[in-house]
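For reference, the structure discussed in these notes is given below.
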Protein chains: 4
Amino acid sequence: MSDTALFQINTGATEPIYRQLIEQARRLVAAGQLKAGQEIPSVRELSAALAVHPMTISKAYSQLEAEGLFERRRGLSMVVAAQHGQAQSPATRAELLRPTLARAAAEAHQLGLPPAQALALFEQILAESQP
Amino acid sequence: MSDTALFQINTGATEPIYRQLIEQARRLVAAGQLKAGQEIPSVRELSAALAVHPMTISKAYSQLEAEGLFERRRGLSMVVAAQHGQAQSPATRAELLRPTLARAAAEAHQLGLPPAQALALFEQILAESQP
Amino acid sequence: MSDTALFQINTGATEPIYRQLIEQARRLVAAGQLKAGQEIPSVRELSAALAVHPMTISKAYSQLEAEGLFERRRGLSMVVAAQHGQAQSPATRAELLRPTLARAAAEAHQLGLPPAQALALFEQILAESQP
Amino acid sequence: MSDTALFQINTGATEPIYRQLIEQARRLVAAGQLKAGQEIPSVRELSAALAVHPMTISKAYSQLEAEGLFERRRGLSMVVAAQHGQAQSPATRAELLRPTLARAAAEAHQLGLPPAQALALFEQILAESQP
DNA sequence: GTGGTCTAGACCACT
DNA sequence: GTGGTCTAGACCACC
């Protein structure tokens with residue numbers, strides 16, 4: 001059995017579930033929390049754990065397989081790929097964070113908030129969510 | 001003629017155009033860049049400026065009218081509502097930025113990035129987008 | 001000068017202003033409150049009294065003229081037509097009320113309200129609005 | 001398959017189709033004819049049954065979802081919401097009938113019809129439409 | 001199968 | 001000129 005707790009979804013969000021899963025998987029692999037060769041939860045397991053339709057899980061896994069992050073093994077559960085599934089350097093991981101922060105910066109600008117204030121708010125939120 | 005330049009859309013994004021417009025309008029009003037009583041660009045104007053179908057603009061405007069931010073005037077352009085269309089305090093505006101920053105914080109955590117590094121990246125992005 | 005107070009509009013309603021005016025005029029003539037040959041308020045007068053665009057008034061008057069209820073006199077204000085502008089019998093006037101009551105009956109049925117209750121509510125509303 | 005017969009539209013009326021559907025849905029839910037958790041006809045089903053464009057149906061459903069009466073389930077039919085979709089007491093349902101009756105009362109007054117006559121006409125119409 | 005989004009374009013209603 | 005409504009039809013996303 002694999003650790004289903006690594007994946008969490010928000011059914012209320014507008015973002016589709018399968019995409020939430022894909023992006024989470026990319027980050028977990030980049031951070032080294034999912035290591036090359038490691039088994040990932042089976043479609044059934046994760047489907048039960050998240051109360052999500054199996055086909056939704058399967059769609060996410062298929063796309064991750066297509067981009068080379070996961071590998072399918074006949075008759076066995078999928079594993080993190082050896083080639084593309086390597087933990088990345090901090091600098092590379094930071095790049096994965098850039099799009100969301102760029103969006104936040106654009107919103108701050110439209111809200112007329114000075115950069116210092118936006119930065120202070122981010123610091124506060126990071127501190128809150130840390131422990 | 002109203003200032004159509006206030007509104008910008010990203011056709012590549014997954015977020016629907018009409019929703020981009022809605023959220024931009026909320027921020028522009030909160031920041032006081034769209035003032036109570038001010039005329040907003042007509043559906044046809046904005047449609048032409050953004051190269052988007054008029055109905056897409058209309059859908060955004062209708063929803064903003066439903067939430068009380070815009071007011072319809074029969075046969076005339078819509079205006080920012082007097083009641084709900086007031087500029088907000090910096091603290092209130094900062095709250096509108098919170099959801100995106102909270103998402104960024106969650107992603108940073110999943111990427112295993114230390115808060116200091118996430119903060120530094122945000123500072124850099126804010127500086128880049130400023131001028 | 002004519003009696004502008006006979007006409008009242010509700011700008012908040014979804015029903016267009018010009019149609020509100022037309023239907024009010026029909027009822028006032030049918031009830032004999034506007035008599036054949038009587039002058040009606042000029043477009044300018046009524047426009048000022050109701051704070052409505054003159055063209056809106058004019059549109060209502062033109063349609064009433066087209067259906068023969070009003071007559072235009074060159075250079076003078078319009079008057080209630082001699083032919084079609086006659087007060088009607090109570091039975092005929094009641095017919096003008098039928099569409100709205102039929103709608104109310106349909107709504108009562110969809111709401112699952114027994115006829116007796118709908119009738120009692122109507123009686124109460126009539127009493128309230130009488131004085 | 002859901003019961004499309006609950007919804008009926010009048011294409012001749014000036015009231016837009018999507019609004020007719022919205023108001024019917026509110027009444028059906030208030031009357032308990034549409035119960036919390038119950039599936040409503042799919043957009044395509046109702047579109048075919050009423051010979052109306054799917055987008056018109058969709059517009060009504062979206063607005064009902066926005067006011068909390070319907071709930072969307074990703075990829076599945078919409079259902080009546082558990083919270084706001086409760087049947088209402090007769091007194092509350094009667095309140096939904098009040099606006100139309102108030103309009104009828106105002107028209108009766110303008111027609112110079114005595115309340116007793118208006119009431120008698122309503123009673124007759126209710127009896128006609130009952131069976 | 002479900003609903004969502006967008007386009008193209010017509011027609012109407014209002015001022 | 002303004003916005004509103006509807007149709008026809010395409011494509012997408014989700015389950």
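Ligands are numbered from 1 in the order shown, residues from 1 within each chain, and chains are lettered A, B, ... in the order they appear in the structure tokens.
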
What would chain B look like once superposed on chain C, with the fit done by least squares over all C-alpha atoms paired in order? Give it as a tab-separated table (two decimals) with N, CA and C atoms, in the first residue's frame.
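Contents of the output file part_11.tsv:
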chain	number	residue	atom	x	y	z
B	1	MET	N	-52.92	73.01	-18.62
B	1	MET	CA	-52.19	71.93	-17.93
B	1	MET	C	-53.12	70.75	-17.67
B	2	SER	N	-52.62	69.57	-17.91
B	2	SER	CA	-53.42	68.37	-17.69
B	2	SER	C	-52.94	67.68	-16.42
B	3	ASP	N	-53.68	66.69	-16.04
B	3	ASP	CA	-53.37	66.02	-14.78
B	3	ASP	C	-52.32	64.94	-14.98
B	4	THR	N	-51.10	65.31	-14.66
B	4	THR	CA	-50.02	64.33	-14.84
B	4	THR	C	-50.05	63.26	-13.75
B	5	ALA	N	-50.77	63.52	-12.67
B	5	ALA	CA	-50.76	62.58	-11.55
B	5	ALA	C	-51.43	61.26	-11.89
B	6	LEU	N	-52.19	61.24	-12.99
B	6	LEU	CA	-52.86	60.00	-13.37
B	6	LEU	C	-51.85	58.92	-13.74
B	7	PHE	N	-50.70	59.35	-14.20
B	7	PHE	CA	-49.72	58.38	-14.68
B	7	PHE	C	-48.61	58.21	-13.66
B	8	GLN	N	-48.33	56.96	-13.36
B	8	GLN	CA	-47.23	56.66	-12.45
B	8	GLN	C	-46.43	55.51	-13.02
B	9	ILE	N	-45.13	55.57	-12.85
B	9	ILE	CA	-44.31	54.48	-13.38
B	9	ILE	C	-43.46	53.89	-12.26
B	10	ASN	N	-43.03	52.69	-12.53
B	10	ASN	CA	-42.18	51.98	-11.61
B	10	ASN	C	-40.87	51.69	-12.34
B	11	THR	N	-39.87	52.49	-12.02
B	11	THR	CA	-38.61	52.34	-12.76
B	11	THR	C	-37.88	51.06	-12.39
B	12	GLY	N	-38.24	50.47	-11.27
B	12	GLY	CA	-37.57	49.24	-10.87
B	12	GLY	C	-38.07	48.02	-11.63
B	13	ALA	N	-39.29	48.08	-12.12
B	13	ALA	CA	-39.89	46.92	-12.77
B	13	ALA	C	-39.16	46.56	-14.04
B	14	THR	N	-39.30	45.31	-14.45
B	14	THR	CA	-38.68	44.89	-15.70
B	14	THR	C	-39.50	45.38	-16.89
B	15	GLU	N	-40.76	45.63	-16.66
B	15	GLU	CA	-41.62	46.08	-17.75
B	15	GLU	C	-41.17	47.47	-18.21
B	16	PRO	N	-40.95	47.64	-19.51
B	16	PRO	CA	-40.47	48.94	-19.99
B	16	PRO	C	-41.44	50.07	-19.64
B	17	ILE	N	-40.86	51.23	-19.43
B	17	ILE	CA	-41.66	52.38	-19.03
B	17	ILE	C	-42.75	52.70	-20.04
B	18	TYR	N	-42.40	52.70	-21.31
B	18	TYR	CA	-43.40	53.10	-22.30
B	18	TYR	C	-44.56	52.13	-22.30
B	19	ARG	N	-44.30	50.87	-21.99
B	19	ARG	CA	-45.39	49.90	-21.97
B	19	ARG	C	-46.25	50.07	-20.72
B	20	GLN	N	-45.62	50.42	-19.61
B	20	GLN	CA	-46.40	50.72	-18.41
B	20	GLN	C	-47.37	51.85	-18.70
B	21	LEU	N	-46.88	52.86	-19.40
B	21	LEU	CA	-47.73	54.01	-19.70
B	21	LEU	C	-48.89	53.61	-20.61
B	22	ILE	N	-48.60	52.78	-21.60
B	22	ILE	CA	-49.64	52.35	-22.54
B	22	ILE	C	-50.74	51.62	-21.80
B	23	GLU	N	-50.34	50.69	-20.95
B	23	GLU	CA	-51.37	49.89	-20.27
B	23	GLU	C	-52.15	50.73	-19.27
B	24	GLN	N	-51.46	51.66	-18.62
B	24	GLN	CA	-52.19	52.55	-17.71
B	24	GLN	C	-53.20	53.38	-18.47
B	25	ALA	N	-52.78	53.90	-19.61
B	25	ALA	CA	-53.70	54.74	-20.39
B	25	ALA	C	-54.94	53.95	-20.80
B	26	ARG	N	-54.73	52.73	-21.23
B	26	ARG	CA	-55.87	51.90	-21.63
B	26	ARG	C	-56.84	51.73	-20.48
B	27	ARG	N	-56.30	51.48	-19.29
B	27	ARG	CA	-57.18	51.27	-18.14
B	27	ARG	C	-57.88	52.57	-17.75
B	28	LEU	N	-57.15	53.68	-17.78
B	28	LEU	CA	-57.75	54.95	-17.39
B	28	LEU	C	-58.89	55.33	-18.34
B	29	VAL	N	-58.70	55.06	-19.61
B	29	VAL	CA	-59.76	55.37	-20.57
B	29	VAL	C	-60.94	54.44	-20.36
B	30	ALA	N	-60.66	53.15	-20.18
B	30	ALA	CA	-61.74	52.18	-19.99
B	30	ALA	C	-62.55	52.53	-18.75
B	31	ALA	N	-61.87	53.04	-17.73
B	31	ALA	CA	-62.56	53.37	-16.48
B	31	ALA	C	-63.24	54.72	-16.53
B	32	GLY	N	-63.02	55.46	-17.60
B	32	GLY	CA	-63.65	56.76	-17.71
B	32	GLY	C	-62.91	57.86	-16.96
B	33	GLN	N	-61.73	57.55	-16.45
B	33	GLN	CA	-60.96	58.61	-15.78
B	33	GLN	C	-60.31	59.53	-16.80
B	34	LEU	N	-60.12	59.02	-17.99
B	34	LEU	CA	-59.73	59.86	-19.12
B	34	LEU	C	-60.90	59.79	-20.09
B	35	LYS	N	-61.52	60.93	-20.31
B	35	LYS	CA	-62.75	60.93	-21.11
B	35	LYS	C	-62.47	61.33	-22.55
B	36	ALA	N	-63.34	60.89	-23.44
B	36	ALA	CA	-63.20	61.22	-24.87
B	36	ALA	C	-63.14	62.73	-25.05
B	37	GLY	N	-62.18	63.17	-25.81
B	37	GLY	CA	-62.02	64.59	-26.07
B	37	GLY	C	-61.13	65.30	-25.07
B	38	GLN	N	-60.85	64.66	-23.98
B	38	GLN	CA	-60.04	65.29	-22.94
B	38	GLN	C	-58.57	65.38	-23.36
B	39	GLU	N	-57.94	66.48	-22.99
B	39	GLU	CA	-56.52	66.62	-23.29
B	39	GLU	C	-55.70	65.74	-22.37
B	40	ILE	N	-54.66	65.15	-22.91
B	40	ILE	CA	-53.74	64.37	-22.08
B	40	ILE	C	-52.51	65.23	-21.82
B	41	PRO	N	-51.74	64.89	-20.80
B	41	PRO	CA	-50.55	65.71	-20.52
B	41	PRO	C	-49.63	65.74	-21.75
B	42	SER	N	-49.03	66.89	-22.00
B	42	SER	CA	-48.11	66.97	-23.13
B	42	SER	C	-46.88	66.13	-22.85
B	43	VAL	N	-46.19	65.78	-23.91
B	43	VAL	CA	-44.99	64.98	-23.78
B	43	VAL	C	-44.02	65.63	-22.80
B	44	ARG	N	-43.83	66.93	-22.97
B	44	ARG	CA	-42.85	67.61	-22.12
B	44	ARG	C	-43.31	67.66	-20.67
B	45	GLU	N	-44.59	67.92	-20.46
B	45	GLU	CA	-45.14	67.94	-19.09
B	45	GLU	C	-44.89	66.61	-18.39
B	46	LEU	N	-45.35	65.54	-19.05
B	46	LEU	CA	-45.25	64.24	-18.41
B	46	LEU	C	-43.80	63.82	-18.26
B	47	SER	N	-43.00	64.19	-19.23
B	47	SER	CA	-41.57	63.90	-19.15
B	47	SER	C	-40.97	64.52	-17.90
B	48	ALA	N	-41.33	65.77	-17.64
B	48	ALA	CA	-40.79	66.45	-16.47
B	48	ALA	C	-41.36	65.85	-15.19
B	49	ALA	N	-42.66	65.54	-15.20
B	49	ALA	CA	-43.31	65.03	-13.99
B	49	ALA	C	-42.75	63.67	-13.59
B	50	LEU	N	-42.44	62.85	-14.57
B	50	LEU	CA	-41.99	61.49	-14.26
B	50	LEU	C	-40.47	61.35	-14.30
B	51	ALA	N	-39.80	62.43	-14.68
B	51	ALA	CA	-38.34	62.39	-14.80
B	51	ALA	C	-37.92	61.30	-15.78
B	52	VAL	N	-38.56	61.32	-16.91
B	52	VAL	CA	-38.30	60.33	-17.95
B	52	VAL	C	-38.03	61.09	-19.25
B	53	HIS	N	-37.23	60.51	-20.10
B	53	HIS	CA	-36.90	61.19	-21.35
B	53	HIS	C	-38.14	61.40	-22.22
B	54	PRO	N	-38.25	62.59	-22.84
B	54	PRO	CA	-39.44	62.87	-23.66
B	54	PRO	C	-39.71	61.80	-24.72
B	55	MET	N	-38.65	61.25	-25.27
B	55	MET	CA	-38.89	60.28	-26.34
B	55	MET	C	-39.59	59.03	-25.83
B	56	THR	N	-39.34	58.70	-24.58
B	56	THR	CA	-40.00	57.53	-24.01
B	56	THR	C	-41.51	57.78	-23.90
B	57	ILE	N	-41.86	58.98	-23.46
B	57	ILE	CA	-43.29	59.34	-23.41
B	57	ILE	C	-43.87	59.33	-24.82
B	58	SER	N	-43.13	59.93	-25.72
B	58	SER	CA	-43.61	60.05	-27.10
B	58	SER	C	-43.87	58.69	-27.72
B	59	LYS	N	-43.01	57.75	-27.39
B	59	LYS	CA	-43.18	56.40	-27.93
B	59	LYS	C	-44.50	55.79	-27.47
B	60	ALA	N	-44.80	55.97	-26.21
B	60	ALA	CA	-46.07	55.45	-25.69
B	60	ALA	C	-47.25	56.15	-26.37
B	61	TYR	N	-47.19	57.46	-26.45
B	61	TYR	CA	-48.29	58.21	-27.05
B	61	TYR	C	-48.50	57.79	-28.51
B	62	SER	N	-47.40	57.63	-29.23
B	62	SER	CA	-47.51	57.27	-30.64
B	62	SER	C	-48.21	55.93	-30.81
B	63	GLN	N	-47.87	55.01	-29.94
B	63	GLN	CA	-48.49	53.70	-30.06
B	63	GLN	C	-49.97	53.77	-29.71
B	64	LEU	N	-50.29	54.58	-28.72
B	64	LEU	CA	-51.70	54.74	-28.36
B	64	LEU	C	-52.47	55.44	-29.48
B	65	GLU	N	-51.79	56.32	-30.18
B	65	GLU	CA	-52.45	56.95	-31.32
B	65	GLU	C	-52.66	55.92	-32.43
B	66	ALA	N	-51.67	55.04	-32.62
B	66	ALA	CA	-51.78	54.03	-33.67
B	66	ALA	C	-52.94	53.09	-33.41
B	67	GLU	N	-53.23	52.81	-32.15
B	67	GLU	CA	-54.36	51.93	-31.87
B	67	GLU	C	-55.67	52.68	-31.74
B	68	GLY	N	-55.63	53.98	-31.98
B	68	GLY	CA	-56.88	54.72	-32.07
B	68	GLY	C	-57.41	55.25	-30.75
B	69	LEU	N	-56.62	55.09	-29.67
B	69	LEU	CA	-57.12	55.54	-28.37
B	69	LEU	C	-56.90	57.05	-28.20
B	70	PHE	N	-55.81	57.53	-28.74
B	70	PHE	CA	-55.51	58.97	-28.69
B	70	PHE	C	-55.60	59.53	-30.10
B	71	GLU	N	-55.85	60.83	-30.17
B	71	GLU	CA	-55.85	61.50	-31.47
B	71	GLU	C	-54.86	62.64	-31.45
B	72	ARG	N	-54.12	62.76	-32.54
B	72	ARG	CA	-53.16	63.84	-32.64
B	72	ARG	C	-53.86	65.05	-33.26
B	73	ARG	N	-53.52	66.24	-32.77
B	73	ARG	CA	-53.99	67.47	-33.40
B	73	ARG	C	-52.75	68.27	-33.73
B	74	ARG	N	-52.57	68.54	-34.99
B	74	ARG	CA	-51.33	69.18	-35.44
B	74	ARG	C	-51.03	70.42	-34.61
B	75	GLY	N	-49.87	70.41	-34.00
B	75	GLY	CA	-49.43	71.58	-33.26
B	75	GLY	C	-50.07	71.75	-31.90
B	76	LEU	N	-51.02	70.92	-31.55
B	76	LEU	CA	-51.69	71.02	-30.24
B	76	LEU	C	-51.48	69.74	-29.46
B	77	SER	N	-51.95	69.75	-28.22
B	77	SER	CA	-51.84	68.54	-27.41
B	77	SER	C	-52.71	67.43	-28.00
B	78	MET	N	-52.37	66.24	-27.67
B	78	MET	CA	-53.20	65.11	-28.08
B	78	MET	C	-54.42	65.03	-27.17
B	79	VAL	N	-55.45	64.41	-27.68
B	79	VAL	CA	-56.67	64.23	-26.88
B	79	VAL	C	-57.10	62.77	-26.95
B	80	VAL	N	-57.92	62.39	-25.99
B	80	VAL	CA	-58.50	61.05	-26.03
B	80	VAL	C	-59.47	60.99	-27.21
B	81	ALA	N	-59.37	59.93	-27.99
B	81	ALA	CA	-60.18	59.83	-29.21
B	81	ALA	C	-61.66	59.71	-28.87
B	82	ALA	N	-62.47	60.24	-29.75
B	82	ALA	CA	-63.91	60.19	-29.53
B	82	ALA	C	-64.45	58.78	-29.72
B	83	GLN	N	-63.90	58.10	-30.72
B	83	GLN	CA	-64.46	56.79	-31.06
B	83	GLN	C	-64.04	55.69	-30.10
B	84	HIS	N	-62.71	55.46	-30.07
B	84	HIS	CA	-62.24	54.33	-29.26
B	84	HIS	C	-62.04	54.71	-27.80
B	85	GLY	N	-62.15	56.00	-27.50
B	85	GLY	CA	-61.81	56.43	-26.15
B	85	GLY	C	-62.99	56.49	-25.19
B	86	GLN	N	-63.96	55.60	-25.39
B	86	GLN	CA	-65.14	55.62	-24.52
B	86	GLN	C	-64.92	54.77	-23.28
B	87	ALA	N	-65.52	55.21	-22.18
B	87	ALA	CA	-65.51	54.39	-20.98
B	87	ALA	C	-66.26	53.09	-21.25
B	88	GLN	N	-65.79	52.03	-20.64
B	88	GLN	CA	-66.37	50.71	-20.89
B	88	GLN	C	-67.25	50.27	-19.73
B	89	SER	N	-68.10	49.31	-20.00
B	89	SER	CA	-68.96	48.75	-18.95
B	89	SER	C	-68.10	48.00	-17.95
B	90	PRO	N	-68.62	47.84	-16.72
B	90	PRO	CA	-67.86	47.08	-15.71
B	90	PRO	C	-67.45	45.70	-16.21
B	91	ALA	N	-68.33	45.04	-16.95
B	91	ALA	CA	-68.00	43.70	-17.42
B	91	ALA	C	-66.79	43.75	-18.37
B	92	THR	N	-66.78	44.74	-19.24
B	92	THR	CA	-65.65	44.87	-20.18
B	92	THR	C	-64.38	45.22	-19.44
B	93	ARG	N	-64.52	46.10	-18.44
B	93	ARG	CA	-63.34	46.47	-17.67
B	93	ARG	C	-62.79	45.27	-16.92
B	94	ALA	N	-63.69	44.43	-16.42
B	94	ALA	CA	-63.23	43.25	-15.70
B	94	ALA	C	-62.41	42.35	-16.62
B	95	GLU	N	-62.78	42.31	-17.88
B	95	GLU	CA	-62.02	41.48	-18.82
B	95	GLU	C	-60.56	41.92	-18.92
B	96	LEU	N	-60.34	43.23	-18.77
B	96	LEU	CA	-58.97	43.74	-18.83
B	96	LEU	C	-58.14	43.28	-17.64
B	97	LEU	N	-58.84	42.89	-16.59
B	97	LEU	CA	-58.14	42.42	-15.40
B	97	LEU	C	-57.84	40.92	-15.49
B	98	ARG	N	-58.55	40.24	-16.38
B	98	ARG	CA	-58.47	38.78	-16.43
B	98	ARG	C	-57.05	38.24	-16.64
B	99	PRO	N	-56.27	38.78	-17.56
B	99	PRO	CA	-54.95	38.16	-17.80
B	99	PRO	C	-54.09	38.10	-16.54
B	100	THR	N	-54.06	39.18	-15.78
B	100	THR	CA	-53.24	39.18	-14.58
B	100	THR	C	-53.76	38.18	-13.54
B	101	LEU	N	-55.08	38.12	-13.41
B	101	LEU	CA	-55.63	37.16	-12.45
B	101	LEU	C	-55.41	35.72	-12.92
B	102	ALA	N	-55.45	35.51	-14.22
B	102	ALA	CA	-55.20	34.16	-14.72
B	102	ALA	C	-53.76	33.74	-14.41
B	103	ARG	N	-52.86	34.70	-14.53
B	103	ARG	CA	-51.47	34.39	-14.20
B	103	ARG	C	-51.34	34.07	-12.71
B	104	ALA	N	-52.03	34.85	-11.90
B	104	ALA	CA	-51.98	34.59	-10.45
B	104	ALA	C	-52.53	33.21	-10.13
B	105	ALA	N	-53.60	32.83	-10.82
B	105	ALA	CA	-54.20	31.51	-10.56
B	105	ALA	C	-53.21	30.41	-10.94
B	106	ALA	N	-52.51	30.59	-12.06
B	106	ALA	CA	-51.55	29.57	-12.47
B	106	ALA	C	-50.41	29.46	-11.46
B	107	GLU	N	-49.98	30.62	-10.95
B	107	GLU	CA	-48.90	30.58	-9.97
B	107	GLU	C	-49.35	29.92	-8.67
B	108	ALA	N	-50.57	30.23	-8.28
B	108	ALA	CA	-51.09	29.63	-7.05
B	108	ALA	C	-51.12	28.11	-7.18
B	109	HIS	N	-51.53	27.68	-8.35
B	109	HIS	CA	-51.60	26.24	-8.58
B	109	HIS	C	-50.22	25.60	-8.50
B	110	GLN	N	-49.24	26.27	-9.12
B	110	GLN	CA	-47.88	25.73	-9.08
B	110	GLN	C	-47.30	25.75	-7.67
B	111	LEU	N	-47.77	26.69	-6.88
B	111	LEU	CA	-47.28	26.76	-5.50
B	111	LEU	C	-48.01	25.77	-4.59
B	112	GLY	N	-48.99	25.10	-5.15
B	112	GLY	CA	-49.74	24.14	-4.35
B	112	GLY	C	-50.61	24.81	-3.31
B	113	LEU	N	-50.98	26.04	-3.58
B	113	LEU	CA	-51.86	26.75	-2.63
B	113	LEU	C	-53.31	26.45	-2.95
B	114	PRO	N	-54.11	26.12	-1.96
B	114	PRO	CA	-55.54	25.91	-2.22
B	114	PRO	C	-56.20	27.22	-2.63
B	115	PRO	N	-57.19	27.15	-3.52
B	115	PRO	CA	-57.86	28.36	-3.99
B	115	PRO	C	-58.35	29.25	-2.86
B	116	ALA	N	-58.84	28.66	-1.81
B	116	ALA	CA	-59.37	29.47	-0.71
B	116	ALA	C	-58.29	30.37	-0.12
B	117	GLN	N	-57.09	29.82	-0.04
B	117	GLN	CA	-56.00	30.62	0.54
B	117	GLN	C	-55.57	31.74	-0.40
B	118	ALA	N	-55.51	31.42	-1.69
B	118	ALA	CA	-55.16	32.46	-2.66
B	118	ALA	C	-56.20	33.58	-2.62
B	119	LEU	N	-57.44	33.17	-2.54
B	119	LEU	CA	-58.53	34.15	-2.52
B	119	LEU	C	-58.44	35.03	-1.28
B	120	ALA	N	-58.15	34.41	-0.17
B	120	ALA	CA	-58.04	35.18	1.08
B	120	ALA	C	-56.91	36.19	1.00
B	121	LEU	N	-55.81	35.77	0.39
B	121	LEU	CA	-54.67	36.69	0.28
B	121	LEU	C	-55.03	37.87	-0.63
B	122	PHE	N	-55.74	37.58	-1.71
B	122	PHE	CA	-56.12	38.65	-2.62
B	122	PHE	C	-57.06	39.63	-1.90
B	123	GLU	N	-57.97	39.08	-1.11
B	123	GLU	CA	-58.91	39.94	-0.38
B	123	GLU	C	-58.14	40.87	0.56
B	124	GLN	N	-57.14	40.30	1.20
B	124	GLN	CA	-56.34	41.10	2.14
B	124	GLN	C	-55.59	42.21	1.41
B	125	ILE	N	-55.01	41.86	0.27
B	125	ILE	CA	-54.23	42.86	-0.49
B	125	ILE	C	-55.14	43.96	-1.02
B	126	LEU	N	-56.33	43.57	-1.47
B	126	LEU	CA	-57.28	44.58	-1.95
B	126	LEU	C	-57.65	45.54	-0.83
B	127	ALA	N	-57.82	45.00	0.35
B	127	ALA	CA	-58.19	45.84	1.50
B	127	ALA	C	-57.05	46.79	1.86
B	128	GLU	N	-55.83	46.27	1.82
B	128	GLU	CA	-54.67	47.11	2.16
B	128	GLU	C	-54.51	48.28	1.20
B	129	SER	N	-54.71	48.00	-0.08
B	129	SER	CA	-54.42	49.02	-1.08
B	129	SER	C	-55.60	49.96	-1.30
B	130	GLN	N	-56.70	49.68	-0.65
B	130	GLN	CA	-57.90	50.46	-0.91
B	130	GLN	C	-57.80	51.91	-0.43
B	131	PRO	N	-57.53	52.11	0.86
B	131	PRO	CA	-57.57	53.49	1.35
B	131	PRO	C	-56.44	54.29	0.72

Taking 2 positions as the minimum chain separation for residues in the same chain, which residues sit within 10 Å of DA8 in chain E when counting only C-alpha atoms (C1' of nucleotides)? Answer as a PyMOL selection string. (chain B and resi 53) or (chain E and resi 6+10) or (chain F and resi 8-9)

Could you pull out all residues of range 2-129 of chain D with a DSSP call of strand (DSSP E) and give them as number ranges by chain? D: 70-71, 79-80

Can you list, as a PyMOL selection string, all residues belonging to chain C that DSSP tags as alpha helix (DSSP H)? chain C and resi 17-30+43-50+54-66+90-110+115-129

For chain F, list the residues within 7 Å of chain D, counting only C-alpha atoms (C1' of nucleotides), and write the list as a list in words.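 Those within range of chain D come out as DT7, DC14 and DC15 of chain F.
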
Produce a file of the selected residues containing all heavy atoms, as an mmCIF file, in the first residue's frame.
data_model
loop_
_atom_site.group_PDB
_atom_site.id
_atom_site.type_symbol
_atom_site.label_atom_id
_atom_site.label_comp_id
_atom_site.auth_asym_id
_atom_site.auth_seq_id
_atom_site.Cartn_x
_atom_site.Cartn_y
_atom_site.Cartn_z
ATOM 1 P P DT F 7 -34.364 29.864 -28.280
ATOM 2 O OP1 DT F 7 -35.627 29.207 -28.595
ATOM 3 O OP2 DT F 7 -33.531 29.399 -27.162
ATOM 4 O "O5'" DT F 7 -33.450 29.832 -29.582
ATOM 5 C "C5'" DT F 7 -33.867 30.554 -30.744
ATOM 6 C "C4'" DT F 7 -32.857 30.380 -31.848
ATOM 7 O "O4'" DT F 7 -31.708 31.216 -31.601
ATOM 8 C "C3'" DT F 7 -32.317 28.950 -31.998
ATOM 9 O "O3'" DT F 7 -32.428 28.556 -33.355
ATOM 10 C "C2'" DT F 7 -30.862 29.045 -31.578
ATOM 11 C "C1'" DT F 7 -30.528 30.496 -31.864
ATOM 12 N N1 DT F 7 -29.478 31.052 -30.986
ATOM 13 C C2 DT F 7 -28.341 31.578 -31.546
ATOM 14 O O2 DT F 7 -28.145 31.608 -32.735
ATOM 15 N N3 DT F 7 -27.439 32.065 -30.633
ATOM 16 C C4 DT F 7 -27.557 32.076 -29.256
ATOM 17 O O4 DT F 7 -26.679 32.541 -28.550
ATOM 18 C C5 DT F 7 -28.773 31.501 -28.747
ATOM 19 C C7 DT F 7 -29.005 31.452 -27.286
ATOM 20 C C6 DT F 7 -29.670 31.024 -29.627
ATOM 21 P P DC F 14 -11.152 19.241 -16.170
ATOM 22 O OP1 DC F 14 -10.680 20.110 -15.083
ATOM 23 O OP2 DC F 14 -10.214 18.394 -16.919
ATOM 24 O "O5'" DC F 14 -12.291 18.313 -15.583
ATOM 25 C "C5'" DC F 14 -13.461 18.918 -15.021
ATOM 26 C "C4'" DC F 14 -14.562 17.897 -14.964
ATOM 27 O "O4'" DC F 14 -14.967 17.554 -16.302
ATOM 28 C "C3'" DC F 14 -14.166 16.573 -14.317
ATOM 29 O "O3'" DC F 14 -14.757 16.496 -13.037
ATOM 30 C "C2'" DC F 14 -14.706 15.495 -15.265
ATOM 31 C "C1'" DC F 14 -15.576 16.295 -16.230
ATOM 32 N N1 DC F 14 -15.643 15.736 -17.606
ATOM 33 C C2 DC F 14 -16.843 15.191 -18.078
ATOM 34 O O2 DC F 14 -17.837 15.190 -17.337
ATOM 35 N N3 DC F 14 -16.896 14.683 -19.323
ATOM 36 C C4 DC F 14 -15.805 14.707 -20.095
ATOM 37 N N4 DC F 14 -15.922 14.192 -21.315
ATOM 38 C C5 DC F 14 -14.577 15.258 -19.641
ATOM 39 C C6 DC F 14 -14.529 15.756 -18.398
ATOM 40 P P DC F 15 -14.420 15.307 -12.068
ATOM 41 O OP1 DC F 15 -14.774 15.745 -10.716
ATOM 42 O OP2 DC F 15 -13.058 14.839 -12.384
ATOM 43 O "O5'" DC F 15 -15.437 14.167 -12.513
ATOM 44 C "C5'" DC F 15 -16.828 14.417 -12.377
ATOM 45 C "C4'" DC F 15 -17.614 13.198 -12.833
ATOM 46 O "O4'" DC F 15 -17.519 13.064 -14.265
ATOM 47 C "C3'" DC F 15 -17.157 11.875 -12.239
ATOM 48 O "O3'" DC F 15 -18.260 11.237 -11.619
ATOM 49 C "C2'" DC F 15 -16.665 11.064 -13.443
ATOM 50 C "C1'" DC F 15 -17.440 11.693 -14.590
ATOM 51 N N1 DC F 15 -16.799 11.625 -15.927
ATOM 52 C C2 DC F 15 -17.552 11.133 -17.010
ATOM 53 O O2 DC F 15 -18.711 10.767 -16.822
ATOM 54 N N3 DC F 15 -16.964 11.090 -18.229
ATOM 55 C C4 DC F 15 -15.714 11.517 -18.385
ATOM 56 N N4 DC F 15 -15.193 11.464 -19.607
ATOM 57 C C5 DC F 15 -14.950 12.015 -17.296
ATOM 58 C C6 DC F 15 -15.511 12.046 -16.083
#
